[in-house]
file upload.txt (compact mmCIF, C-alpha atoms and all ligand atoms)
# COMPACT_ATOMS: atom_id res chain seq x y z
CA MET Y 22 159.29 119.77 159.58
CA GLY Y 23 163.05 120.24 159.66
CA THR Y 24 165.23 119.81 156.65
CA ASP Y 25 167.82 117.39 157.99
CA ASP Y 26 166.25 115.77 161.01
CA GLY Y 27 162.85 114.53 161.99
CA LEU Y 28 160.50 113.20 159.32
CA ARG Y 29 160.85 114.97 156.03
CA ALA Y 30 158.07 114.88 153.46
CA CYS Y 31 159.30 114.51 149.91
CA TRP Y 32 157.21 114.15 146.81
CA ARG Y 33 160.22 113.37 144.65
CA TYR Y 34 163.16 111.03 145.26
CA GLY Y 35 164.77 112.64 148.32
CA ALA Y 36 168.10 111.89 150.00
CA LEU Y 37 166.98 108.65 151.70
CA SER Y 38 164.78 107.23 148.96
CA SER Y 39 167.56 107.90 146.38
CA ARG Y 40 170.05 106.11 148.63
CA GLY Y 41 167.60 103.22 149.06
CA TYR Y 42 167.18 102.96 145.26
CA ASP Y 43 170.95 102.95 144.81
CA LEU Y 44 171.37 100.13 147.34
CA ASP Y 45 168.45 98.14 145.94
CA LYS Y 46 169.23 98.65 142.24
CA PRO Y 47 172.90 99.56 141.92
CA VAL Y 48 174.61 100.47 138.65
CA GLY Y 49 174.40 97.53 136.25
CA PHE Y 50 171.60 95.78 138.19
CA SER Y 51 169.37 94.39 135.46
CA PHE Y 52 165.79 93.21 135.18
CA GLY Y 53 166.91 91.89 131.79
CA ASP Y 54 166.41 95.45 130.53
CA VAL Y 55 170.09 96.51 130.50
CA GLU Y 56 170.94 93.76 127.98
CA PHE Y 57 167.73 94.37 126.00
CA TYR Y 58 168.22 98.15 125.67
CA SER Y 59 171.87 97.65 124.89
CA ARG Y 60 170.95 95.31 122.00
CA LEU Y 61 168.30 97.74 120.69
CA LEU Y 62 170.74 100.68 120.83
CA ALA Y 63 173.82 98.89 119.49
CA GLY Y 64 175.39 100.86 116.64
CA THR Y 65 173.67 104.16 117.52
CA GLN Y 66 176.17 106.84 116.49
CA GLY Y 67 174.37 109.97 117.62
CA GLU Y 68 173.41 111.15 121.09
CA ILE Y 69 171.05 109.14 123.26
CA LEU Y 70 168.99 110.70 126.05
CA GLU Y 71 167.77 108.94 129.19
CA PRO Y 72 165.17 111.10 130.98
CA ALA Y 73 164.57 110.03 134.62
CA VAL Y 74 168.08 108.59 134.66
CA GLY Y 75 168.09 107.94 138.42
CA ASN Y 76 171.38 106.64 139.83
CA GLY Y 77 172.69 105.62 136.38
CA ARG Y 78 171.77 101.94 136.73
CA MET Y 79 171.18 101.81 132.96
CA LEU Y 80 173.19 104.85 131.80
CA VAL Y 81 176.56 103.66 133.15
CA PRO Y 82 176.52 100.25 131.36
CA LEU Y 83 175.47 102.01 128.12
CA LEU Y 84 178.34 104.50 128.48
CA ARG Y 85 180.73 101.61 129.12
CA GLU Y 86 179.72 100.25 125.69
CA GLY Y 87 180.82 103.49 124.07
CA LEU Y 88 177.31 104.87 123.46
CA ARG Y 89 176.94 108.66 123.79
CA VAL Y 90 174.30 108.84 126.51
CA ARG Y 91 173.18 111.93 128.45
CA GLY Y 92 170.64 111.86 131.25
CA TYR Y 93 168.52 114.07 133.45
CA ASP Y 94 166.33 113.67 136.51
CA THR Y 95 164.10 115.88 138.63
CA SER Y 96 165.87 114.66 141.78
CA PRO Y 97 169.16 116.46 142.54
CA HIS Y 98 170.00 113.53 144.87
CA MET Y 99 169.73 111.05 142.01
CA VAL Y 100 171.76 113.33 139.70
CA GLU Y 101 174.48 113.54 142.33
CA LEU Y 102 174.57 109.72 142.72
CA CYS Y 103 174.66 109.24 138.96
CA ARG Y 104 177.51 111.74 138.51
CA ALA Y 105 179.47 110.01 141.30
CA HIS Y 106 179.05 106.58 139.65
CA CYS Y 107 180.20 107.98 136.28
CA ALA Y 108 183.21 109.69 137.88
CA ARG Y 109 184.18 106.51 139.77
CA GLU Y 110 184.46 104.68 136.44
CA GLY Y 111 186.15 107.56 134.64
CA LEU Y 112 183.15 108.00 132.35
CA ALA Y 113 182.13 111.40 131.03
CA GLY Y 114 178.50 111.29 132.15
CA ASP Y 115 176.62 114.42 131.18
CA VAL Y 116 173.82 114.34 133.74
CA PHE Y 117 171.65 117.27 134.84
CA VAL Y 118 168.44 118.25 136.64
CA ASP Y 119 165.40 118.61 134.41
CA ASP Y 120 161.81 117.43 134.00
CA LEU Y 121 160.37 114.88 131.58
CA ALA Y 122 157.18 116.91 131.24
CA THR Y 123 158.98 119.95 129.83
CA TYR Y 124 162.56 119.15 128.64
CA ARG Y 125 162.88 119.72 124.90
CA ALA Y 126 165.96 119.90 122.63
CA PRO Y 127 164.70 120.12 119.04
CA GLY Y 128 166.14 117.50 116.66
CA ARG Y 129 169.07 116.63 118.92
CA TYR Y 130 168.86 112.92 119.83
CA GLU Y 131 169.03 109.75 117.80
CA ALA Y 132 167.29 107.86 120.59
CA VAL Y 133 165.41 108.64 123.80
CA VAL Y 134 165.00 105.82 126.33
CA VAL Y 135 162.85 105.65 129.46
CA PRO Y 136 163.39 102.27 131.14
CA ALA Y 137 162.12 100.95 134.50
CA GLY Y 138 158.57 102.28 134.10
CA SER Y 139 159.68 105.83 134.98
CA PHE Y 140 157.24 107.35 132.45
CA SER Y 141 154.45 106.36 134.88
CA LEU Y 142 155.86 108.78 137.45
CA LEU Y 143 154.52 111.72 135.45
CA PRO Y 144 151.86 113.54 137.48
CA SER Y 145 148.92 113.50 135.04
CA PRO Y 146 147.70 112.25 131.64
CA GLU Y 147 148.18 115.82 130.36
CA ALA Y 148 151.82 115.76 131.47
CA ALA Y 149 152.23 112.39 129.71
CA VAL Y 150 150.90 113.84 126.43
CA ALA Y 151 153.18 116.89 126.81
CA ALA Y 152 156.18 114.64 127.54
CA LEU Y 153 155.57 112.53 124.42
CA ALA Y 154 155.39 115.68 122.26
CA ALA Y 155 158.62 117.01 123.81
CA ILE Y 156 160.38 113.66 123.27
CA ARG Y 157 159.21 113.54 119.65
CA ASP Y 158 160.53 117.07 119.05
CA SER Y 159 163.85 116.19 120.68
CA LEU Y 160 164.51 113.34 118.23
CA VAL Y 161 166.09 113.56 114.79
CA ALA Y 162 163.75 112.51 111.94
CA GLY Y 163 163.54 108.71 112.10
CA GLY Y 164 164.93 108.79 115.68
CA ARG Y 165 163.83 106.14 118.14
CA PHE Y 166 161.87 106.26 121.40
CA VAL Y 167 162.03 103.22 123.70
CA CYS Y 168 159.95 103.16 126.87
CA ASP Y 169 158.91 100.55 129.44
CA LEU Y 170 155.52 100.43 131.09
CA GLU Y 171 154.22 97.98 133.64
CA PRO Y 172 150.75 96.66 132.77
CA PRO Y 173 148.00 98.15 134.98
CA PRO Y 174 147.68 96.37 138.36
CA VAL Y 175 144.85 93.91 138.86
CA GLY Y 176 144.39 94.83 142.53
CA VAL Y 177 146.05 96.98 145.14
CA ASP Y 178 148.95 95.22 146.77
CA ILE Y 179 149.55 96.56 150.27
CA ALA Y 180 153.02 95.61 151.39
CA THR Y 181 153.40 96.23 155.11
CA SER Y 182 156.66 94.44 155.96
CA PRO Y 183 159.60 96.83 155.72
CA ARG Y 184 162.32 96.35 153.16
CA GLN Y 185 165.84 96.99 154.39
CA TRP Y 186 169.29 97.77 153.09
CA TRP Y 187 172.54 97.96 155.08
CA ASP Y 188 175.04 100.62 154.08
CA GLY Y 189 178.05 100.04 156.32
CA GLU Y 190 176.82 100.61 159.89
CA GLU Y 191 173.69 102.39 158.69
CA LEU Y 192 170.38 100.68 158.03
CA ILE Y 193 167.77 102.14 155.67
CA THR Y 194 164.25 100.74 155.91
CA MET Y 195 161.26 101.34 153.67
CA SER Y 196 157.67 100.59 154.66
CA SER Y 197 154.53 101.10 152.69
CA MET Y 198 152.04 102.86 154.93
CA HIS Y 199 149.07 103.13 152.63
CA THR Y 200 148.17 102.41 148.99
CA GLU Y 201 145.16 103.54 147.03
CA PHE Y 202 144.08 103.08 143.43
CA ASP Y 203 141.76 105.49 141.62
CA PRO Y 204 140.45 103.82 138.46
CA ARG Y 205 139.06 107.13 137.14
CA THR Y 206 142.48 108.72 136.95
CA GLN Y 207 144.29 105.37 136.41
CA ARG Y 208 146.59 106.25 139.28
CA THR Y 209 148.01 104.33 142.24
CA THR Y 210 149.29 106.38 145.17
CA GLU Y 211 151.50 104.80 147.78
CA TRP Y 212 152.87 106.40 150.96
CA LEU Y 213 156.41 105.15 151.50
CA ARG Y 214 158.20 105.81 154.77
CA TYR Y 215 162.01 105.65 154.65
CA GLU Y 216 164.01 105.57 157.86
CA LEU Y 217 167.74 105.77 158.57
CA TRP Y 218 168.90 103.83 161.66
CA GLU Y 219 172.29 103.84 163.37
CA GLU Y 220 172.98 101.43 166.23
CA GLY Y 221 169.23 101.01 166.66
CA VAL Y 222 168.60 104.75 166.89
CA LEU Y 223 166.38 106.47 164.35
CA ARG Y 224 168.44 109.24 162.76
CA ARG Y 225 166.21 110.43 160.01
CA GLY Y 226 162.89 109.79 158.26
CA GLU Y 227 161.53 110.65 154.86
CA LEU Y 228 158.05 110.29 153.46
CA GLN Y 229 157.66 109.71 149.73
CA VAL Y 230 154.27 109.93 148.08
CA PHE Y 231 154.83 107.54 145.21
CA SER Y 232 152.23 108.00 142.52
CA LEU Y 233 152.03 105.95 139.33
CA LEU Y 234 149.91 106.51 136.23
CA TRP Y 235 148.71 103.42 134.36
CA PHE Y 236 148.16 103.05 130.62
CA GLY Y 237 146.56 100.27 128.57
CA LEU Y 238 148.64 98.80 125.75
CA ALA Y 239 146.33 100.05 122.99
CA GLU Y 240 145.92 103.37 124.79
CA PHE Y 241 149.67 104.05 124.93
CA THR Y 242 150.12 102.90 121.31
CA GLY Y 243 147.43 105.45 120.35
CA MET Y 244 149.14 108.18 122.42
CA LEU Y 245 152.41 107.50 120.58
CA THR Y 246 150.69 107.71 117.20
CA ASP Y 247 148.85 110.91 118.21
CA ALA Y 248 152.18 112.41 119.31
CA GLY Y 249 153.68 111.87 115.84
CA PHE Y 250 155.39 108.51 116.20
CA THR Y 251 155.17 105.69 113.70
CA SER Y 252 156.15 101.99 113.43
CA VAL Y 253 155.18 101.23 117.03
CA THR Y 254 156.41 97.81 118.21
CA VAL Y 255 155.63 96.35 121.63
CA TYR Y 256 157.81 93.69 123.29
CA GLY Y 257 157.04 91.65 126.41
CA ASP Y 258 159.44 90.87 129.26
CA TYR Y 259 162.56 91.98 127.35
CA ASP Y 260 162.06 89.37 124.67
CA THR Y 261 161.75 90.12 120.96
CA SER Y 262 158.19 88.72 120.83
CA PRO Y 263 154.98 90.65 121.58
CA PRO Y 264 153.75 90.53 125.20
CA GLY Y 265 151.52 87.66 126.29
CA PRO Y 266 148.66 88.21 128.78
CA GLN Y 267 150.93 87.50 131.78
CA ALA Y 268 153.79 89.80 130.73
CA ASP Y 269 155.23 91.81 133.64
CA ILE Y 270 156.63 94.57 131.47
CA TRP Y 271 155.86 96.09 128.09
CA THR Y 272 158.58 97.82 126.07
CA PHE Y 273 157.35 100.24 123.39
CA GLU Y 274 159.64 101.13 120.50
CA ALA Y 275 158.54 103.87 118.10
CA LEU Y 276 160.10 106.09 115.46
CA ARG Y 277 159.70 109.83 114.98
CA ALA Y 278 157.59 110.16 111.84
C1 LIG P 1 162.49 104.15 139.03
S1 LIG P 1 163.75 105.38 138.98
C2 LIG P 1 164.49 104.87 137.46
C3 LIG P 1 165.91 105.25 137.32
C4 LIG P 1 166.63 104.72 136.09
N1 LIG P 1 166.07 105.20 134.84
C5 LIG P 1 166.69 103.21 136.05
O1 LIG P 1 166.36 102.63 135.01
O2 LIG P 1 167.06 102.59 137.05
C6 LIG P 1 162.74 106.74 138.53
C7 LIG P 1 163.45 108.07 138.40
O3 LIG P 1 162.58 108.99 137.74
C8 LIG P 1 162.80 110.28 138.26
N2 LIG P 1 161.66 111.14 137.88
C9 LIG P 1 160.39 111.09 138.37
N3 LIG P 1 159.62 111.99 137.74
C10 LIG P 1 160.42 112.62 136.83
C11 LIG P 1 160.21 113.64 135.86
N4 LIG P 1 159.01 114.23 135.72
N5 LIG P 1 161.24 114.03 135.10
C12 LIG P 1 162.48 113.47 135.24
N6 LIG P 1 162.75 112.50 136.15
C13 LIG P 1 161.73 112.08 136.93
C14 LIG P 1 162.96 110.02 139.74
O4 LIG P 1 163.58 111.10 140.41
C15 LIG P 1 163.80 108.73 139.73
O5 LIG P 1 165.17 109.01 139.76
call {"tool": "encode", "arguments": {"input": "upload.txt", "output": "structure tokens"}}
result
Amino acid sequence: MGTDDGLRACWRYGALSSRGYDLDKPVGFSFGDVEFYSRLLAGTQGEILEPAVGNGRMLVPLLREGLRVRGYDTSPHMVELCRAHCAREGLAGDVFVDDLATYRAPGRYEAVVVPAGSFSLLPSPEAAVAALAAIRDSLVAGGRFVCDLEPPPVGVDIATSPRQWWDGEELITMSSMHTEFDPRTQRTTEWLRYELWEEGVLRRGELQVFSLLWFGLAEFTGMLTDAGFTSVTVYGDYDTSPPGPQADIWTFEALRA
């Protein structure tokens, strides 16, 4: 497979999937989470870290509020987009390439935030445990970890109709080719095909194997406690109350013991 033409396999967010994310969820686009995180973090004086920062959808609004947020991502394409958005607004965004499973900066941050369910992109339960330990170590004593998780899916939803985004004269499409769920490993794996079209001609393709780990609410609470967090609170759907059975998103807030 070539690097810049033909269909390119990419297990991370590549050039096309990053562009698709940026068109679908631009800076400031909110699921209700931007306002919720901003309320939770209001008044934080020290540094805040957003692992898996993506295009800066959340980081840029937090920087605009004067919070001292840094971010990293495994995808150089996402890091490049995020830096460009910061620069466009004259914000000093300190954004770099790194990995949630291994990044550690002992005692540095007052808060670490992982919105948009990105924690589920970790490759294995072992990587999730390692990431929680690294996040704990990277917080000051009493520092705060805030993380969103989607509840486990009830069934496998196979979306076949392509999604599409226009970017000037270029059209990016995304189709789900195949989805499978393995209950033993609590993992859904979806094959996403991104295509770039210009005047009806296919210019480029990219295949993303999109794999998500699922956690139960009690299970993740236990993982946080085992990793050395305390005072775990769980919110549902970006409201200050606990999640009901139909909640679409759980937000965990925990303090470094
Ligand atoms: C759903 S996007 C979320 C972006 C952003 N946090 C937001 O709220 O919109 C997920 C991001 O996680 C990144 N990612 C996936 N696995 C990662 C890992 N192990 N370490 C750091 N970033 C990772 C992807 O490259 C992608 O940019």
call {"tool": "residues_near_ligand", "arguments": {"input": "upload.txt", "ligand": "ligand LIG 1 (chain P)", "cutoff": "9 Å", "atoms": "all atoms listed in the file", "output": "PyMOL selection string"}}
result
chain Y and resi 33-35+39+42-43+46-51+54-55+71-80+92-100+118-124+134-144+148+152
call {"tool": "residues_around", "arguments": {"input": "upload.txt", "residues": "Cys107 (chain Y)", "least_positions_apart": "5", "cutoff": "9 Å", "atoms": "all atoms listed in the file", "output": "NGL selection string"}}
result
:Y and (77 or 80-81 or 84 or 102 or 112-115)
call {"tool": "axis_aligned_box", "arguments": {"input": "upload.txt", "around": "region 61-68 of chain Y", "padding_each_side": "3 Å", "output": "AutoDock Vina command-line options"}}
result
--center_x 172.2 --center_y 104.4 --center_z 118.8 --size_x 13.9 --size_y 19.4 --size_z 10.6
call {"tool": "closest_residue", "arguments": {"input": "upload.txt", "among": "Y:Val150, Y:Ala268, Y:Glu86, Y:Leu233", "to": "Glu201 (chain Y)", "atoms": "all atoms listed in the file"}}
result
Y:Leu233
call {"tool": "atom_distance", "arguments": {"input": "upload.txt", "atom1": "CA of Thr210 (chain Y)", "atom2": "CA of Asp258 (chain Y)"}}
result
24.4 Å
call {"tool": "atom_distance", "arguments": {"input": "upload.txt", "atom1": "CA of Leu153 (chain Y)", "atom2": "CA of Leu170 (chain Y)"}}
result
13.8 Å
call {"tool": "residues_around", "arguments": {"input": "upload.txt", "residues": "Ser38 (chain Y)", "least_positions_apart": "5", "cutoff": "8 Å", "atoms": "all atoms listed in the file", "output": "PyMOL selection string"}}
result
chain Y and resi 215+227+229
call {"tool": "closest_residue", "arguments": {"input": "upload.txt", "among": "Y:His199, Y:Arg89, Y:Arg205, Y:Arg157", "to": "Pro127 (chain Y)", "atoms": "all atoms listed in the file"}}
result
Y:Arg157
call {"tool": "closest_residue", "arguments": {"input": "upload.txt", "among": "Y:Gly249, Y:Pro266, Y:Gly53, Y:Gly41", "to": "Ala154 (chain Y)", "atoms": "all atoms listed in the file"}}
result
Y:Gly249
call {"tool": "residues_around", "arguments": {"input": "upload.txt", "residues": "Ser145 (chain Y)", "least_positions_apart": "6", "cutoff": "10 Å", "atoms": "all atoms listed in the file", "output": "ChimeraX atom specification"}}
result
/Y:122,151,206-208,232-234
call {"tool": "atom_distance", "arguments": {"input": "upload.txt", "atom1": "CA of Val161 (chain Y)", "atom2": "CA of Val255 (chain Y)"}}
result
21.3 Å
call {"tool": "residues_near_point", "arguments": {"input": "upload.txt", "point": "(173.6, 101.4, 151.9)", "cutoff": "10 Å", "atoms": "all atoms listed in the file", "output": "compact mmCIF listing (two decimals) with C-alpha atoms, keeping the file's coordinate frame"}}
result
# COMPACT_ATOMS: atom_id res chain seq x y z
CA LEU Y 37 166.98 108.65 151.70
CA ARG Y 40 170.05 106.11 148.63
CA GLY Y 41 167.60 103.22 149.06
CA TYR Y 42 167.18 102.96 145.26
CA ASP Y 43 170.95 102.95 144.81
CA LEU Y 44 171.37 100.13 147.34
CA ASP Y 45 168.45 98.14 145.94
CA GLN Y 185 165.84 96.99 154.39
CA TRP Y 186 169.29 97.77 153.09
CA TRP Y 187 172.54 97.96 155.08
CA ASP Y 188 175.04 100.62 154.08
CA GLY Y 189 178.05 100.04 156.32
CA GLU Y 190 176.82 100.61 159.89
CA GLU Y 191 173.69 102.39 158.69
CA LEU Y 192 170.38 100.68 158.03
CA ILE Y 193 167.77 102.14 155.67
CA LEU Y 217 167.74 105.77 158.57
call {"tool": "residues_around", "arguments": {"input": "upload.txt", "residues": "Ala162 (chain Y)", "least_positions_apart": "4", "cutoff": "10 Å", "atoms": "all atoms listed in the file", "output": "PyMOL selection string"}}
result
chain Y and resi 128-131+157-158+276-278
